[in-house]
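> Sharing start-v4.pdb here; it has PDB, C-alpha atoms, pLDDT in the B column.
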ATOM      1  CA  MET A   1      53.545  31.733  12.611  1.00 94.00           C
ATOM      2  CA  GLU A   2      50.634  29.554  13.709  1.00 94.00           C
ATOM      3  CA  VAL A   3      52.904  26.519  14.044  1.00 95.00           C
ATOM      4  CA  VAL A   4      55.459  28.440  16.103  1.00 97.00           C
ATOM      5  CA  TRP A   5      52.781  30.036  18.299  1.00 97.00           C
ATOM      6  CA  ALA A   6      51.168  26.650  18.948  1.00 96.00           C
ATOM      7  CA  ASN A   7      54.344  24.623  19.523  1.00 96.00           C
ATOM      8  CA  GLY A   8      56.931  27.003  20.902  1.00 91.00           C
ATOM      9  CA  PRO A   9      60.532  27.195  19.713  1.00 97.00           C
ATOM     10  CA  LEU A  10      61.159  24.959  16.690  1.00 97.00           C
ATOM     11  CA  THR A  11      63.805  24.193  14.110  1.00 97.00           C
ATOM     12  CA  VAL A  12      63.012  24.388  10.406  1.00 96.00           C
ATOM     13  CA  ARG A  13      62.705  20.586  10.261  1.00 94.00           C
ATOM     14  CA  GLU A  14      60.281  20.603  13.191  1.00 95.00           C
ATOM     15  CA  VAL A  15      58.171  23.302  11.529  1.00 95.00           C
ATOM     16  CA  CYS A  16      58.064  21.216   8.337  1.00 92.00           C
ATOM     17  CA  GLY A  17      56.832  18.218  10.320  1.00 90.00           C
ATOM     18  CA  ARG A  18      54.039  20.177  11.950  1.00 91.00           C
ATOM     19  CA  LEU A  19      52.620  21.925   8.896  1.00 89.00           C
ATOM     20  CA  PRO A  20      49.114  20.696   8.038  1.00 84.00           C
ATOM     21  CA  GLY A  21      48.136  19.132   4.731  1.00 78.00           C
ATOM     22  CA  SER A  22      49.197  16.191   2.673  1.00 70.00           C
ATOM     23  CA  GLY A  23      52.726  15.944   1.407  1.00 74.00           C
ATOM     24  CA  ALA A  24      55.803  17.365   3.057  1.00 69.00           C
ATOM     25  CA  PRO A  25      56.628  20.992   2.285  1.00 75.00           C
ATOM     26  CA  VAL A  26      59.991  21.703   0.704  1.00 88.00           C
ATOM     27  CA  TYR A  27      62.543  22.272   3.469  1.00 92.00           C
ATOM     28  CA  THR A  28      64.202  25.206   1.698  1.00 94.00           C
ATOM     29  CA  THR A  29      60.852  26.958   1.216  1.00 94.00           C
ATOM     30  CA  VAL A  30      60.089  26.737   4.939  1.00 95.00           C
ATOM     31  CA  MET A  31      63.649  27.830   5.779  1.00 96.00           C
ATOM     32  CA  THR A  32      63.363  30.873   3.502  1.00 97.00           C
ATOM     33  CA  THR A  33      59.963  31.798   4.941  1.00 96.00           C
ATOM     34  CA  LEU A  34      61.195  31.549   8.545  1.00 97.00           C
ATOM     35  CA  ASP A  35      64.281  33.606   7.671  1.00 98.00           C
ATOM     36  CA  ARG A  36      62.115  36.327   6.125  1.00 97.00           C
ATOM     37  CA  LEU A  37      59.824  36.367   9.162  1.00 97.00           C
ATOM     38  CA  PHE A  38      62.918  36.684  11.355  1.00 98.00           C
ATOM     39  CA  HIS A  39      64.272  39.633   9.354  1.00 97.00           C
ATOM     40  CA  LYS A  40      60.867  41.357   9.518  1.00 95.00           C
ATOM     41  CA  GLY A  41      60.855  40.999  13.310  1.00 96.00           C
ATOM     42  CA  PHE A  42      58.021  38.471  13.586  1.00 96.00           C
ATOM     43  CA  LEU A  43      60.322  35.663  14.771  1.00 98.00           C
ATOM     44  CA  ALA A  44      63.376  35.457  17.010  1.00 98.00           C
ATOM     45  CA  ARG A  45      66.044  32.807  16.503  1.00 98.00           C
ATOM     46  CA  ARG A  46      69.034  31.309  18.216  1.00 97.00           C
ATOM     47  CA  LYS A  47      71.685  28.942  16.935  1.00 97.00           C
ATOM     48  CA  GLU A  48      71.732  25.407  18.340  1.00 96.00           C
ATOM     49  CA  GLY A  49      74.438  23.317  16.743  1.00 95.00           C
ATOM     50  CA  ASN A  50      73.979  23.619  12.979  1.00 94.00           C
ATOM     51  CA  ALA A  51      70.340  24.694  13.146  1.00 95.00           C
ATOM     52  CA  PHE A  52      68.423  27.816  14.041  1.00 97.00           C
ATOM     53  CA  VAL A  53      65.623  27.485  16.561  1.00 98.00           C
ATOM     54  CA  TYR A  54      62.782  29.921  15.848  1.00 98.00           C
ATOM     55  CA  SER A  55      60.357  31.376  18.381  1.00 98.00           C
ATOM     56  CA  ALA A  56      57.663  34.011  18.184  1.00 97.00           C
ATOM     57  CA  ALA A  57      58.946  37.550  18.688  1.00 97.00           C
ATOM     58  CA  MET A  58      55.417  38.979  18.540  1.00 97.00           C
ATOM     59  CA  THR A  59      52.009  37.896  19.784  1.00 96.00           C
ATOM     60  CA  ARG A  60      49.156  37.238  17.348  1.00 95.00           C
ATOM     61  CA  GLN A  61      47.616  40.538  18.392  1.00 96.00           C
ATOM     62  CA  ASP A  62      50.863  42.423  17.729  1.00 96.00           C
ATOM     63  CA  VAL A  63      51.248  40.788  14.309  1.00 95.00           C
ATOM     64  CA  HIS A  64      47.669  41.621  13.341  1.00 94.00           C
ATOM     65  CA  ARG A  65      48.097  45.198  14.494  1.00 92.00           C
ATOM     66  CA  ARG A  66      51.354  45.624  12.572  1.00 93.00           C
ATOM     67  CA  ILE A  67      49.865  44.214   9.365  1.00 92.00           C
ATOM     68  CA  VAL A  68      46.800  46.438   9.632  1.00 90.00           C
ATOM     69  CA  GLU A  69      48.877  49.537  10.464  1.00 90.00           C
ATOM     70  CA  GLU A  70      51.190  48.996   7.490  1.00 91.00           C
ATOM     71  CA  THR A  71      48.315  48.266   5.106  1.00 90.00           C
ATOM     72  CA  VAL A  72      46.075  51.107   6.246  1.00 89.00           C
ATOM     73  CA  SER A  73      48.955  53.597   6.342  1.00 90.00           C
ATOM     74  CA  ALA A  74      49.858  52.803   2.737  1.00 90.00           C
ATOM     75  CA  LEU A  75      46.221  53.130   1.648  1.00 91.00           C
ATOM     76  CA  ILE A  76      45.722  56.423   3.514  1.00 90.00           C
ATOM     77  CA  GLU A  77      48.811  57.895   1.857  1.00 89.00           C
ATOM     78  CA  ARG A  78      47.282  57.203  -1.569  1.00 88.00           C
ATOM     79  CA  SER A  79      43.641  58.112  -0.920  1.00 88.00           C
ATOM     80  CA  GLY A  80      42.965  59.153   2.654  1.00 86.00           C
ATOM     81  CA  ASP A  81      39.312  60.250   2.712  1.00 90.00           C
ATOM     82  CA  PRO A  82      37.775  57.207   0.996  1.00 90.00           C
ATOM     83  CA  VAL A  83      39.891  54.822   3.071  1.00 88.00           C
ATOM     84  CA  LEU A  84      38.984  56.505   6.353  1.00 88.00           C
ATOM     85  CA  ALA A  85      35.296  56.585   5.376  1.00 90.00           C
ATOM     86  CA  ALA A  86      35.386  52.890   4.486  1.00 89.00           C
ATOM     87  CA  PHE A  87      37.127  52.100   7.781  1.00 84.00           C
ATOM     88  CA  VAL A  88      34.459  53.931   9.783  1.00 87.00           C
ATOM     89  CA  ASP A  89      31.672  52.249   7.765  1.00 89.00           C
ATOM     90  CA  ALA A  90      33.205  48.822   8.389  1.00 86.00           C
ATOM     91  CA  ALA A  91      33.537  49.512  12.110  1.00 84.00           C
ATOM     92  CA  ALA A  92      29.958  50.775  12.323  1.00 86.00           C
ATOM     93  CA  SER A  93      28.497  47.857  10.382  1.00 87.00           C
ATOM     94  CA  ALA A  94      30.139  45.402  12.776  1.00 81.00           C
ATOM     95  CA  SER A  95      28.624  47.098  15.841  1.00 85.00           C
ATOM     96  CA  GLN A  96      27.880  50.486  17.329  1.00 87.00           C
ATOM     97  CA  GLU A  97      30.233  49.525  20.143  1.00 89.00           C
ATOM     98  CA  ASN A  98      33.090  49.653  17.633  1.00 86.00           C
ATOM     99  CA  LEU A  99      32.313  53.302  16.909  1.00 86.00           C
ATOM    100  CA  LYS A 100      32.456  54.079  20.628  1.00 89.00           C
ATOM    101  CA  ARG A 101      35.817  52.316  20.915  1.00 89.00           C
ATOM    102  CA  LEU A 102      37.078  54.174  17.857  1.00 88.00           C
ATOM    103  CA  GLU A 103      36.012  57.512  19.366  1.00 89.00           C
ATOM    104  CA  LYS A 104      37.812  56.656  22.623  1.00 92.00           C
ATOM    105  CA  LEU A 105      40.961  55.642  20.774  1.00 89.00           C
ATOM    106  CA  ILE A 106      40.956  58.882  18.757  1.00 89.00           C
ATOM    107  CA  ALA A 107      40.432  60.943  21.917  1.00 92.00           C
ATOM    108  CA  ALA A 108      43.256  59.125  23.712  1.00 92.00           C
ATOM    109  CA  LYS A 109      45.598  59.634  20.749  1.00 89.00           C
ATOM    110  CA  ARG A 110      44.784  63.364  20.700  1.00 91.00           C
ATOM    111  CA  ARG A 111      45.456  63.648  24.428  1.00 91.00           C
ATOM    112  CA  SER A 112      48.801  61.847  24.120  1.00 91.00           C
ATOM    113  CA  LYS A 113      49.957  64.219  21.372  1.00 81.00           C
ATOM    114  CA  ALA A 114      48.864  67.394  23.197  1.00 65.00           C
TER     115      ALA A 114
END
Will you turn the file into structure tokens for me?


Amino acid sequence: MEVVWANGPLTVREVCGRLPGSGAPVYTTVMTTLDRLFHKGFLARRKEGNAFVYSAAMTRQDVHRRIVEETVSALIERSGDPVLAAFVDAAASASQENLKRLEKLIAAKRRSKA
């Protein structure tokens, strides 16, 4: 995702060429990863000749939010109270401003459902 966000629409080969680190990644591994990201809705793609060109379908912020929502939702289903308590503790330890934002978000959610 970082490569696509930073460089715009790219083919699989172009993504391979822009990945950091020593040694070239295996083309089929990158192709499979991009295909999975496409099917999950993170990437969009269009056909150009024989190749797909991939572009971001979501912003970084949207991706982060989706990952957190899916993770937290799964955790809350299994053990709601401890997860919610840990979430509030984590928000509070980062800053008191986070608690204020959390309170505002909860209030707004309640108003939208009323």

> So how far away is CA of Glu70 in chain A from CA of Leu10 in chain A, in Å?

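Distance reported for this atom pair: 27.6 Å.
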
> Taking all atoms listed in the file into account, which of A:Val53, A:Met31, A:Leu84, A:Ala44 comes nearest Thr11 in chain A?

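Closest candidate: A:Val53.
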
> Give me, as a list in words, all polymer residues having an atom no more than 8 Å from Arg45 in chain A, counting all atoms listed in the file and skipping those fewer than 3 positions away in the same chain.

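Returned residues: Phe38, Phe52, Val53, Tyr54 and Ser55 of chain A.
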
> Rounded to one decimal, what separation in Å do you get between CA of Glu69 in chain A and CA of Phe87 in chain A?

12.3 Å

> Between A:Ala51, A:Leu37, A:Ala56, A:Ala92, which one has atoms that come closest to Glu14 in chain A, using all atoms listed in the file?

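Answer, going by the shortest atom-to-atom distance: A:Ala51.
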
> Could you tell me how far CA of Leu75 in chain A sits from CA of Val88 in chain A, in Å to one decimal place?

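Going from CA of Val88 in chain A over to CA of Leu75 in chain A, I get 14.3 Å.
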
> Taking the point (40.8, 53.0, 14.5) as given in the file, collect each protein or nucleic acid residue that comes within 10 Å of it, counting all atoms listed in the file, and present the set as a ChimeraX atom specification.

/A:69,72,84,87-88,91,98-99,101-106

> Given all atoms listed in the file as the basis, pick out the residue of A:Arg60, A:Arg65, A:Lys47, A:His39 nearest to Val3 in chain A.

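Closest to Val3 in chain A, using all atoms listed in the file: A:Arg60.
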
> So which one's closest to Val83 in chain A, A:Arg18, A:Arg110, A:Asp62, A:Thr71? Using all atoms listed in the file, please.

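Counting all atoms listed in the file, the residue closest to Val83 in chain A is A:Thr71.
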
> Of the candidates A:Lys40, A:Val68, A:Tyr27, A:Leu19, which shows the shortest atom-to-atom distance to Val4 in chain A, using all atoms listed in the file?

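Closest candidate: A:Leu19.
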
> Using the incomplete input, complete range 95-107 of chain A to the level of N, CA and C atoms; output as a PDB file, in the coordinates of the input.


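Saved result, rebuild-v1.pdb, follows:
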ATOM      1  N   SER A  95      29.417  46.791  14.643  1.00 85.00           N
ATOM      2  CA  SER A  95      28.624  47.098  15.841  1.00 85.00           C
ATOM      3  C   SER A  95      28.792  48.563  16.205  1.00 85.00           C
ATOM      4  N   GLN A  96      27.791  49.104  16.856  1.00 87.00           N
ATOM      5  CA  GLN A  96      27.880  50.486  17.329  1.00 87.00           C
ATOM      6  C   GLN A  96      28.945  50.612  18.417  1.00 87.00           C
ATOM      7  N   GLU A  97      29.201  49.521  19.110  1.00 89.00           N
ATOM      8  CA  GLU A  97      30.233  49.525  20.143  1.00 89.00           C
ATOM      9  C   GLU A  97      31.609  49.817  19.533  1.00 89.00           C
ATOM     10  N   ASN A  98      31.827  49.361  18.314  1.00 86.00           N
ATOM     11  CA  ASN A  98      33.090  49.653  17.633  1.00 86.00           C
ATOM     12  C   ASN A  98      33.282  51.147  17.428  1.00 86.00           C
ATOM     13  N   LEU A  99      32.206  51.846  17.077  1.00 86.00           N
ATOM     14  CA  LEU A  99      32.313  53.302  16.909  1.00 86.00           C
ATOM     15  C   LEU A  99      32.693  53.973  18.221  1.00 86.00           C
ATOM     16  N   LYS A 100      32.118  53.510  19.318  1.00 89.00           N
ATOM     17  CA  LYS A 100      32.456  54.079  20.628  1.00 89.00           C
ATOM     18  C   LYS A 100      33.929  53.833  20.956  1.00 89.00           C
ATOM     19  N   ARG A 101      34.403  52.613  20.672  1.00 89.00           N
ATOM     20  CA  ARG A 101      35.817  52.316  20.915  1.00 89.00           C
ATOM     21  C   ARG A 101      36.713  53.164  20.032  1.00 89.00           C
ATOM     22  N   LEU A 102      36.309  53.349  18.784  1.00 88.00           N
ATOM     23  CA  LEU A 102      37.078  54.174  17.857  1.00 88.00           C
ATOM     24  C   LEU A 102      37.150  55.622  18.351  1.00 88.00           C
ATOM     25  N   GLU A 103      36.028  56.155  18.822  1.00 89.00           N
ATOM     26  CA  GLU A 103      36.012  57.512  19.366  1.00 89.00           C
ATOM     27  C   GLU A 103      36.948  57.633  20.570  1.00 89.00           C
ATOM     28  N   LYS A 104      36.936  56.632  21.449  1.00 92.00           N
ATOM     29  CA  LYS A 104      37.812  56.656  22.623  1.00 92.00           C
ATOM     30  C   LYS A 104      39.285  56.591  22.218  1.00 92.00           C
ATOM     31  N   LEU A 105      39.589  55.759  21.232  1.00 89.00           N
ATOM     32  CA  LEU A 105      40.961  55.642  20.774  1.00 89.00           C
ATOM     33  C   LEU A 105      41.452  56.951  20.141  1.00 89.00           C
ATOM     34  N   ILE A 106      40.592  57.587  19.366  1.00 89.00           N
ATOM     35  CA  ILE A 106      40.956  58.882  18.757  1.00 89.00           C
ATOM     36  C   ILE A 106      41.187  59.927  19.846  1.00 89.00           C
ATOM     37  N   ALA A 107      40.294  59.969  20.821  1.00 92.00           N
ATOM     38  CA  ALA A 107      40.432  60.943  21.917  1.00 92.00           C
ATOM     39  C   ALA A 107      41.719  60.694  22.701  1.00 92.00           C
TER      40      ALA A 107
END
